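> My questions all concern the structure below.
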Amino acid sequence: MPALQPVAIPALTDNYIWAMVHPKKKTCLIVDPGEALPVQHFLEQHQLSLSHILITHHHQDHTGGLSELLDTHAPIITGSSRSPCPYIKHPVKDQIHFTVPDLELEFETIEIPGHTLCHTAFLTQDVLFTGDTLFSAGCGRIFEGSVPMMYASLQKLAHLHPSTRLFCGHEYTVANLDFALTVEPDNQAAQQHKNWALHQTAVQRPTLPSTLSLEYKINPFLRCSEPSVIQAAEQHAYQTLNHPIEVFKILRQWKDQF
Ligand SMILES: [Zn+2]
């Protein structure tokens with residue numbers, strides 16, 4: 001089976017709307033349409049029908065295009081059963097498997113609350129749509145959940161297969177790596193990846209997808225048990241930290257002020 005290749009549709013300031021296309025059926029699945037126009041252009045350019053939409057969470061920059069898209073298309077819209085988004089007609093809970101026949105794809109849901117309480121990731125083969133929970137070299141802010149909740153959600157994702165490819169909701173990689181290198185100035189993998197990400201950005205190409213195996217090396221929020229990260233967090237907080245969750249809490253506060 002050929003590797004699935006989601007396509008990035010840039011939207012708003014730094015959002016990515018992801019598209020999956022069935023080239024023979026000319027059908028398309030869209031993830032998190034924060035605005036309608038770039039999706040309309042993509043569909044017209046490739047002469048596709050919009051079959052399905054996945055919503056990772058209810059924030060406007062991930063759902064703002066739904067109303068307009070529904071004026072001219074009739075996609076099935078899947079999202080969390082906890083989501084306040086009124087357009088979700090196929091509500092799902094955690095660990096649900098569902099098929100999208102028009103794309104010949106099977107998805108699994110992974111509830112990852114923290115950024116919002118309804119946040120859900122979608123996994124198909126090695127493709128993971130992480131929304132605003134896990135970014136390359138970073139993680140989302142905690143708006144609705146708690147620190148332990150967000151930590152547990154990130155750990156859930158971290159335990160997927162290391163070859164899992166991450167399709168995130170924003171292009172934040174360079175800024176995230178600036179923070180990662182403040183935490184771990186001697187992290188060679190993060191420095192190398194920053195050089196690559198700067199080049200990608202300069203030629204206006206996405207730095208995504210990332211992979212879990214890369215994130216283990218460069219993402220401080222997945223490295224809360226590493227001695228170098230623990231030491232940096234302890235120095236920042238002027239206290240001894242005895243659990244990875246405490247390290248994560250300090251990192252998240254540090255990044256919020258960075
Ligand atoms: Zn968000």
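Following the order of the structure tokens, first chain is A, next is B, and so on, with residues numbered from 1 inside each chain and ligands from 1 in the order they appear.
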Select from chain A every residue with an atom at most 9 Å from any atom of ligand 1, then for each give the shortest pair of atoms and their distance in Å to one decimal, using only C-alpha atoms and all ligand atoms, rows by chain and rising number, as JSON lines.


```
{"residue": "A:Thr56", "atom": "CA", "partner": "ligand 1", "partner_atom_place_in_ligand_line": "1 (Zn)", "distance": 8.7}
{"residue": "A:His57", "atom": "CA", "partner": "ligand 1", "partner_atom_place_in_ligand_line": "1 (Zn)", "distance": 6.7}
{"residue": "A:His58", "atom": "CA", "partner": "ligand 1", "partner_atom_place_in_ligand_line": "1 (Zn)", "distance": 7.4}
{"residue": "A:His59", "atom": "CA", "partner": "ligand 1", "partner_atom_place_in_ligand_line": "1 (Zn)", "distance": 5.0}
{"residue": "A:Gln60", "atom": "CA", "partner": "ligand 1", "partner_atom_place_in_ligand_line": "1 (Zn)", "distance": 7.8}
{"residue": "A:Asp61", "atom": "CA", "partner": "ligand 1", "partner_atom_place_in_ligand_line": "1 (Zn)", "distance": 7.1}
{"residue": "A:His62", "atom": "CA", "partner": "ligand 1", "partner_atom_place_in_ligand_line": "1 (Zn)", "distance": 7.1}
{"residue": "A:His115", "atom": "CA", "partner": "ligand 1", "partner_atom_place_in_ligand_line": "1 (Zn)", "distance": 6.6}
{"residue": "A:Thr116", "atom": "CA", "partner": "ligand 1", "partner_atom_place_in_ligand_line": "1 (Zn)", "distance": 7.3}
{"residue": "A:His119", "atom": "CA", "partner": "ligand 1", "partner_atom_place_in_ligand_line": "1 (Zn)", "distance": 8.8}
{"residue": "A:Gly131", "atom": "CA", "partner": "ligand 1", "partner_atom_place_in_ligand_line": "1 (Zn)", "distance": 7.3}
{"residue": "A:Asp132", "atom": "CA", "partner": "ligand 1", "partner_atom_place_in_ligand_line": "1 (Zn)", "distance": 5.1}
{"residue": "A:Thr133", "atom": "CA", "partner": "ligand 1", "partner_atom_place_in_ligand_line": "1 (Zn)", "distance": 8.1}
{"residue": "A:Gly140", "atom": "CA", "partner": "ligand 1", "partner_atom_place_in_ligand_line": "1 (Zn)", "distance": 7.4}
{"residue": "A:Arg141", "atom": "CA", "partner": "ligand 1", "partner_atom_place_in_ligand_line": "1 (Zn)", "distance": 8.2}
{"residue": "A:Phe143", "atom": "CA", "partner": "ligand 1", "partner_atom_place_in_ligand_line": "1 (Zn)", "distance": 8.6}
{"residue": "A:Gly169", "atom": "CA", "partner": "ligand 1", "partner_atom_place_in_ligand_line": "1 (Zn)", "distance": 8.1}
```

> Create the file for the chosen residues now, containing N, CA and C atoms and written as a tab-separated table (two decimals), in the first residue's frame.


```tsv
chain	number	residue	atom	x	y	z
A	56	THR	N	-10.52	18.50	14.95
A	56	THR	CA	-9.75	18.10	16.14
A	56	THR	C	-10.25	18.80	17.39
A	57	HIS	N	-10.68	20.08	17.25
A	57	HIS	CA	-11.23	20.81	18.40
A	57	HIS	C	-11.96	22.04	17.89
A	58	HIS	N	-12.72	22.68	18.80
A	58	HIS	CA	-13.73	23.64	18.37
A	58	HIS	C	-13.22	25.05	18.07
A	59	HIS	N	-11.94	25.35	18.30
A	59	HIS	CA	-11.48	26.73	18.14
A	59	HIS	C	-11.76	27.24	16.71
A	60	GLN	N	-12.03	28.56	16.68
A	60	GLN	CA	-12.45	29.20	15.43
A	60	GLN	C	-11.45	28.99	14.28
A	61	ASP	N	-10.16	29.00	14.61
A	61	ASP	CA	-9.16	28.84	13.53
A	61	ASP	C	-9.07	27.40	13.03
A	62	HIS	N	-9.93	26.52	13.57
A	62	HIS	CA	-10.00	25.13	13.08
A	62	HIS	C	-11.39	24.80	12.52
A	115	HIS	N	-5.62	21.12	25.76
A	115	HIS	CA	-5.75	22.40	25.02
A	115	HIS	C	-7.22	22.81	25.05
A	116	THR	N	-8.11	21.87	24.70
A	116	THR	CA	-9.55	21.99	24.99
A	116	THR	C	-9.99	20.64	25.56
A	119	HIS	N	-10.64	17.93	22.70
A	119	HIS	CA	-9.61	17.72	21.67
A	119	HIS	C	-9.43	16.23	21.34
A	131	GLY	N	-3.86	18.28	15.65
A	131	GLY	CA	-4.50	19.55	16.00
A	131	GLY	C	-3.56	20.47	16.72
A	132	ASP	N	-4.01	21.01	17.86
A	132	ASP	CA	-3.19	21.94	18.65
A	132	ASP	C	-2.69	21.30	19.94
A	133	THR	N	-2.56	19.97	19.97
A	133	THR	CA	-2.04	19.32	21.18
A	133	THR	C	-0.55	19.08	21.08
A	140	GLY	N	0.55	22.41	22.60
A	140	GLY	CA	-0.42	23.49	22.68
A	140	GLY	C	-0.51	24.07	24.08
A	141	ARG	N	-1.08	25.27	24.15
A	141	ARG	CA	-1.35	25.87	25.46
A	141	ARG	C	-2.50	25.12	26.12
A	143	PHE	N	-5.75	25.50	27.67
A	143	PHE	CA	-6.83	26.48	27.83
A	143	PHE	C	-7.96	25.95	28.71
A	169	GLY	N	-1.58	21.35	13.59
A	169	GLY	CA	-2.49	22.42	13.19
A	169	GLY	C	-1.83	23.75	12.86
```

> Run DSSP on the backbone and grab whatever in range 1-195 of chain A lands in strand (DSSP E); send it over as a ChimeraX atom specification.

/A:7-11,15-22,27-31,49-54,76-80,90-92,97-100,105-111,120-124,127-131,134-135,138-139,165-168

> Could you give me, as a Markdown table, a per-residue list for range 79-176 of chain A showing, wherever an atom lies at most 12 Å from an atom of range 18-28 of chain A, the closest pair of atoms and their distance in Å to one decimal, using only C-alpha atoms and sorting by chain then residue number from low to high?


```
| residue | atom | partner | partner_atom | distance |
| --- | --- | --- | --- | --- |
| A:Val100 | CA | A:Cys28 | CA | 10.3 |
| A:Pro101 | CA | A:Thr27 | CA | 10.1 |
| A:Asp102 | CA | A:Thr27 | CA | 6.4 |
| A:Leu103 | CA | A:His22 | CA | 5.4 |
| A:Glu104 | CA | A:His22 | CA | 7.9 |
| A:Leu105 | CA | A:His22 | CA | 9.6 |
| A:Phe122 | CA | A:Trp18 | CA | 11.9 |
| A:Thr124 | CA | A:Met20 | CA | 11.0 |
| A:Val127 | CA | A:Met20 | CA | 10.5 |
| A:Leu128 | CA | A:Trp18 | CA | 11.0 |
| A:Phe129 | CA | A:Trp18 | CA | 8.5 |
| A:Thr130 | CA | A:Trp18 | CA | 11.0 |
| A:Gly131 | CA | A:Trp18 | CA | 10.1 |
| A:Leu166 | CA | A:Trp18 | CA | 11.3 |
| A:Phe167 | CA | A:Trp18 | CA | 7.7 |
| A:Cys168 | CA | A:Trp18 | CA | 8.8 |
| A:Gly169 | CA | A:Trp18 | CA | 8.4 |
| A:His170 | CA | A:Trp18 | CA | 10.6 |
```

> Write a file of the selected residues as a CSV table (one decimal), in the first residue's frame, keeping C-alpha atoms.


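Contents of selection.csv, as written:
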```
chain,number,residue,atom,x,y,z
A,100,VAL,CA,-14.6,6.9,5.3
A,101,PRO,CA,-15.7,4.8,2.3
A,102,ASP,CA,-15.2,7.7,-0.2
A,103,LEU,CA,-11.5,7.8,0.7
A,104,GLU,CA,-11.1,4.1,1.5
A,105,LEU,CA,-9.7,5.0,4.8
A,122,PHE,CA,-7.3,11.1,14.3
A,124,THR,CA,-5.0,6.4,9.9
A,127,VAL,CA,-0.8,9.5,9.7
A,128,LEU,CA,-1.8,11.3,12.9
A,129,PHE,CA,-3.6,14.6,12.9
A,130,THR,CA,-2.7,16.2,16.2
A,131,GLY,CA,-4.5,19.5,16.0
A,166,LEU,CA,2.5,14.1,12.8
A,167,PHE,CA,0.3,16.5,10.9
A,168,CYS,CA,-0.1,19.5,13.2
A,169,GLY,CA,-2.5,22.4,13.2
A,170,HIS,CA,0.1,25.2,13.0
```

> At a cut-off of 10 Å, using only C-alpha atoms, what residues contact Asn187 in chain A? Leave out same-chain residues fewer than 5 positions from it and give the result as a ChimeraX atom specification.

/A:180-182,192,217-218,228

> For the residues in that selection, give me C-alpha atoms as a JSON list (two decimals), in the first residue's frame.


```json
[["chain", "number", "residue", "atom", "x", "y", "z"],
["A", 180, "ALA", "CA", 13.66, 23.91, 22.88],
["A", 181, "LEU", "CA", 17.22, 25.20, 22.42],
["A", 182, "THR", "CA", 16.81, 27.57, 25.38],
["A", 192, "GLN", "CA", 20.18, 20.52, 13.16],
["A", 217, "LYS", "CA", 14.89, 13.92, 20.32],
["A", 218, "ILE", "CA", 13.85, 17.56, 19.89],
["A", 228, "SER", "CA", 19.15, 17.82, 30.76]]
```

> Which residues are near range 236-246 of chain A? Cut-off 7 Å, only C-alpha atoms, ignore same chain within fewer than 6 positions. Put them as a PyMOL selection string.

chain A and resi 148+151+224-225

> Please produce an output containing N, CA and C atoms for each residue in the selection, written as a compact mmCIF listing (two decimals), in the first residue's frame.


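Here's the written file selection.txt:
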```txt
# COMPACT_ATOMS: atom_id res chain seq x y z
N PRO A 148 -1.92 17.87 34.51
CA PRO A 148 -1.84 16.41 34.42
C PRO A 148 -2.61 15.85 33.23
N TYR A 151 -0.52 16.49 30.10
CA TYR A 151 0.65 15.61 30.14
C TYR A 151 0.24 14.19 29.72
N CYS A 224 10.47 15.12 29.33
CA CYS A 224 10.41 15.57 30.73
C CYS A 224 11.11 14.61 31.69
N SER A 225 11.59 13.47 31.21
CA SER A 225 12.36 12.55 32.05
C SER A 225 13.85 12.60 31.73
```

> Find, counting only C-alpha atoms, the residue in A:Ile142, A:Ala232, A:Leu70, A:Ala189 that gets nearest to Gln253 in chain A.

A:Ile142

> At a cut-off of 12 Å, using only C-alpha atoms, what residues contact range 81-94 of chain A? Leave out same-chain residues fewer than 2 positions from it and give the result as a VMD selection string.

chain A and resid 32 52 to 60 62 to 70 74 to 79 96 to 100 107 to 113 116 to 123 153 156
